[in-house]
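The structure under discussion appears below in the form of structure tokens.
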Amino acid sequence: MADSEMQLVARGIRNFPDFPIPGILFRDISPLLKDPDSFRASISLLANHLKKTHGGKIDYIAGLDSRGFLFGPSLAQELGLGFLLIRKRGKLPGPTVSASYTLEYGKAELEIQKDALKPGQKVVIVDDLLATGGTMRTACDLLDQLRAEVLECVSVVELTSLKGREKLGAVPFFSLLQYE
């Protein structure tokens, strides 16, 4: 069953050469989102991994703005958990904590509401894709500020040649599909 589910997920990724600039091979998840069977398979595979790895020890799933919001709530529901928003700066109401990171052409900030969780609660971070790892690393730092325990980071796609997993340090990482 897992092999057929993985095939459904893999067929939901399409390539766009030279997007957004020449020399980049863009991995598009749009077909995965359009096909209910492929999307369901991605959630099932991620949920099964997390159940096997962490059992009932996860308190929340946290999704990264914005495509982590596509997978996170469904994954949280599948596991019977709540979902936390990690947003770009200025998008959340109320008191927040923030962490900044460097982009190719500047800096960006992520925020989470100060009361999103209690110290010691256990969180898994989800996004659609891990590339250089900067956003995922910053999300870990943000949750550290709230004294949460990041159990693991997960994504549907990983671009291994960009070595994003290395930026996560000791935080475990899991991806369904890996591309060079």
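All residue names refer to the structure tokens as shown: chains lettered A, B, ... in order, residues numbered from 1 in each chain, ligands numbered from 1 in order.
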Next item on the list: Mind checking which residues fall within 10 Å of Leu50 in chain A, counting only C-alpha atoms, ignoring those fewer than 3 positions away in the same chain, and posting them as a PyMOL selection string?
Entry: chain A and resi 44-47+53-58+75+79+124+151-152+154+174
Margin query: I need the residues of chain A that end up classed as strand (DSSP E) by DSSP on the backbone, written out as a PyMOL selection string.
Written below: chain A and resi 14-17+25-28+60-64+82-88+96-103+106-113+122-130+149-159+173-179
Next item on the list: Quick one: pull the distance between CA of Asp115 in chain A and CA of Leu146 in chain A, Å, one decimal.
Entry: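 CA of Leu146 in chain A lies 8.7 Å from CA of Asp115 in chain A.
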Next item on the list: Mind listing the alpha helix (DSSP H) residues of range 5-107 of chain A, per DSSP on the backbone, as a ChimeraX atom specification?
Entry: /A:5-11,30-34,36-54,68-79
Notebook entry, point to check: Leu168 in chain A: which residues within 12 Å, counting only C-alpha atoms, same-chain residues fewer than 5 positions away excluded, as a list in words?
Noted result: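 Result of the neighbour search: Ile125, Leu130, Ala131, Thr132, Gly133, Gly134, Thr135, Met136, Arg137, Thr138, Ala139, Cys140, Asp141, Val150, Leu151, Glu152, Cys153, Val154, Lys163, Phe173 and Phe174 of chain A.
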Selected residues written out with N, CA, C and O atoms, as a PDB file, in the first residue's frame:
ATOM      1  N   ILE A 125       7.077  20.447  12.626  1.00  0.00           N
ATOM      2  CA  ILE A 125       6.938  21.510  11.624  1.00  0.00           C
ATOM      3  C   ILE A 125       6.778  20.871  10.255  1.00  0.00           C
ATOM      4  O   ILE A 125       7.522  19.948   9.901  1.00  0.00           O
ATOM      5  N   LEU A 130      11.622  21.365   1.235  1.00  0.00           N
ATOM      6  CA  LEU A 130      12.834  21.833   1.900  1.00  0.00           C
ATOM      7  C   LEU A 130      13.873  22.082   0.824  1.00  0.00           C
ATOM      8  O   LEU A 130      14.227  21.169   0.078  1.00  0.00           O
ATOM      9  N   ALA A 131      14.344  23.320   0.741  1.00  0.00           N
ATOM     10  CA  ALA A 131      15.394  23.684  -0.222  1.00  0.00           C
ATOM     11  C   ALA A 131      16.664  23.994   0.570  1.00  0.00           C
ATOM     12  O   ALA A 131      17.354  23.086   1.001  1.00  0.00           O
ATOM     13  N   THR A 132      16.938  25.264   0.815  1.00  0.00           N
ATOM     14  CA  THR A 132      18.163  25.637   1.533  1.00  0.00           C
ATOM     15  C   THR A 132      18.036  25.474   3.046  1.00  0.00           C
ATOM     16  O   THR A 132      19.037  25.490   3.746  1.00  0.00           O
ATOM     17  N   GLY A 133      16.822  25.348   3.549  1.00  0.00           N
ATOM     18  CA  GLY A 133      16.603  25.110   4.973  1.00  0.00           C
ATOM     19  C   GLY A 133      16.481  26.349   5.833  1.00  0.00           C
ATOM     20  O   GLY A 133      16.222  26.245   7.032  1.00  0.00           O
ATOM     21  N   GLY A 134      16.622  27.532   5.257  1.00  0.00           N
ATOM     22  CA  GLY A 134      16.583  28.755   6.046  1.00  0.00           C
ATOM     23  C   GLY A 134      15.256  29.005   6.740  1.00  0.00           C
ATOM     24  O   GLY A 134      15.229  29.361   7.925  1.00  0.00           O
ATOM     25  N   THR A 135      14.172  28.807   6.042  1.00  0.00           N
ATOM     26  CA  THR A 135      12.852  29.051   6.632  1.00  0.00           C
ATOM     27  C   THR A 135      12.560  28.026   7.721  1.00  0.00           C
ATOM     28  O   THR A 135      12.089  28.381   8.814  1.00  0.00           O
ATOM     29  N   MET A 136      12.861  26.760   7.445  1.00  0.00           N
ATOM     30  CA  MET A 136      12.615  25.699   8.425  1.00  0.00           C
ATOM     31  C   MET A 136      13.474  25.914   9.672  1.00  0.00           C
ATOM     32  O   MET A 136      13.010  25.762  10.798  1.00  0.00           O
ATOM     33  N   ARG A 137      14.733  26.291   9.488  1.00  0.00           N
ATOM     34  CA  ARG A 137      15.623  26.558  10.621  1.00  0.00           C
ATOM     35  C   ARG A 137      15.089  27.709  11.463  1.00  0.00           C
ATOM     36  O   ARG A 137      15.082  27.665  12.702  1.00  0.00           O
ATOM     37  N   THR A 138      14.611  28.755  10.799  1.00  0.00           N
ATOM     38  CA  THR A 138      14.065  29.913  11.504  1.00  0.00           C
ATOM     39  C   THR A 138      12.813  29.529  12.287  1.00  0.00           C
ATOM     40  O   THR A 138      12.610  30.001  13.405  1.00  0.00           O
ATOM     41  N   ALA A 139      11.988  28.661  11.719  1.00  0.00           N
ATOM     42  CA  ALA A 139      10.800  28.180  12.435  1.00  0.00           C
ATOM     43  C   ALA A 139      11.203  27.428  13.699  1.00  0.00           C
ATOM     44  O   ALA A 139      10.581  27.585  14.755  1.00  0.00           O
ATOM     45  N   CYS A 140      12.256  26.631  13.610  1.00  0.00           N
ATOM     46  CA  CYS A 140      12.764  25.929  14.800  1.00  0.00           C
ATOM     47  C   CYS A 140      13.219  26.938  15.849  1.00  0.00           C
ATOM     48  O   CYS A 140      12.903  26.782  17.045  1.00  0.00           O
ATOM     49  N   ASP A 141      13.939  27.956  15.426  1.00  0.00           N
ATOM     50  CA  ASP A 141      14.410  28.997  16.346  1.00  0.00           C
ATOM     51  C   ASP A 141      13.234  29.727  17.001  1.00  0.00           C
ATOM     52  O   ASP A 141      13.270  30.042  18.200  1.00  0.00           O
ATOM     53  N   VAL A 150      10.874  20.958  19.394  1.00  0.00           N
ATOM     54  CA  VAL A 150      10.645  20.577  18.002  1.00  0.00           C
ATOM     55  C   VAL A 150      11.091  19.122  17.852  1.00  0.00           C
ATOM     56  O   VAL A 150      12.280  18.816  17.924  1.00  0.00           O
ATOM     57  N   LEU A 151      10.124  18.238  17.674  1.00  0.00           N
ATOM     58  CA  LEU A 151      10.422  16.812  17.557  1.00  0.00           C
ATOM     59  C   LEU A 151      11.010  16.467  16.196  1.00  0.00           C
ATOM     60  O   LEU A 151      11.875  15.597  16.101  1.00  0.00           O
ATOM     61  N   GLU A 152      10.503  17.144  15.153  1.00  0.00           N
ATOM     62  CA  GLU A 152      10.921  16.800  13.799  1.00  0.00           C
ATOM     63  C   GLU A 152      10.388  17.851  12.832  1.00  0.00           C
ATOM     64  O   GLU A 152       9.412  18.533  13.126  1.00  0.00           O
ATOM     65  N   CYS A 153      11.034  17.945  11.686  1.00  0.00           N
ATOM     66  CA  CYS A 153      10.548  18.736  10.564  1.00  0.00           C
ATOM     67  C   CYS A 153      10.262  17.766   9.426  1.00  0.00           C
ATOM     68  O   CYS A 153      11.037  16.823   9.209  1.00  0.00           O
ATOM     69  N   VAL A 154       9.161  17.995   8.711  1.00  0.00           N
ATOM     70  CA  VAL A 154       8.796  17.120   7.600  1.00  0.00           C
ATOM     71  C   VAL A 154       8.383  17.953   6.393  1.00  0.00           C
ATOM     72  O   VAL A 154       7.905  19.080   6.529  1.00  0.00           O
ATOM     73  N   LYS A 163      21.196  20.978   0.361  1.00  0.00           N
ATOM     74  CA  LYS A 163      21.666  20.633   1.710  1.00  0.00           C
ATOM     75  C   LYS A 163      20.919  21.349   2.838  1.00  0.00           C
ATOM     76  O   LYS A 163      21.496  21.687   3.874  1.00  0.00           O
ATOM     77  N   PHE A 173      14.780  15.274  10.372  1.00  0.00           N
ATOM     78  CA  PHE A 173      14.049  15.716   9.180  1.00  0.00           C
ATOM     79  C   PHE A 173      13.619  14.496   8.373  1.00  0.00           C
ATOM     80  O   PHE A 173      14.370  13.532   8.224  1.00  0.00           O
ATOM     81  N   PHE A 174      12.403  14.582   7.801  1.00  0.00           N
ATOM     82  CA  PHE A 174      11.864  13.510   6.958  1.00  0.00           C
ATOM     83  C   PHE A 174      11.183  14.138   5.751  1.00  0.00           C
ATOM     84  O   PHE A 174      10.451  15.123   5.891  1.00  0.00           O
TER      85      PHE A 174
END
Margin query: Which residues are close to range 23-34 of chain A, i.e. within 8 Å by only C-alpha atoms, leaving aside same-chain residues fewer than 6 positions away? Reply as an MDAnalysis selection string.
Written below: chainID A and resid 9 11:17 128
Note to self: Show me, as a ChimeraX atom specification, the residues that have an atom within 9 Å of range 92-97 of chain A when counting only C-alpha atoms, minus same-chain residues fewer than 3 positions from it.
What the structure shows: /A:85-89,110-115,142,145-146
Next item on the list: Record the distance separating CA of Ala99 in chain A and CA of Gly164 in chain A, expressed in Å with one decimal.
Entry: 17.9 Å
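CA of Tyr101 in chain A is positioned 28.3 Å from CA of Ser42 in chain A.
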Notebook entry, point to check: Leaving out Ser161 in chain A and any residue of its chain fewer than 2 positions from it, which residues lie within 8 Å of it when counting only C-alpha atoms, given as JSON, numbers by chain?
Noted result: {"A": [159, 163, 179, 180]}
Check: So which one's closest to Ala116 in chain A, A:Ala170, A:Leu84, A:Ser98, A:Gly72? Using only C-alpha atoms, please.
Finding: A:Leu84
Check: Which residue out of A:Glu5, A:Glu158, A:Glu149, A:Asp65 has the minimum interatomic distance to Pro36 in chain A when only C-alpha atoms are used?
Finding: A:Glu5
Checklist line | Contact residues around Leu129 in chain A with only C-alpha atoms at 7 Å, ignoring same-chain residues under 6 positions, as a count of residues only | finding: 4
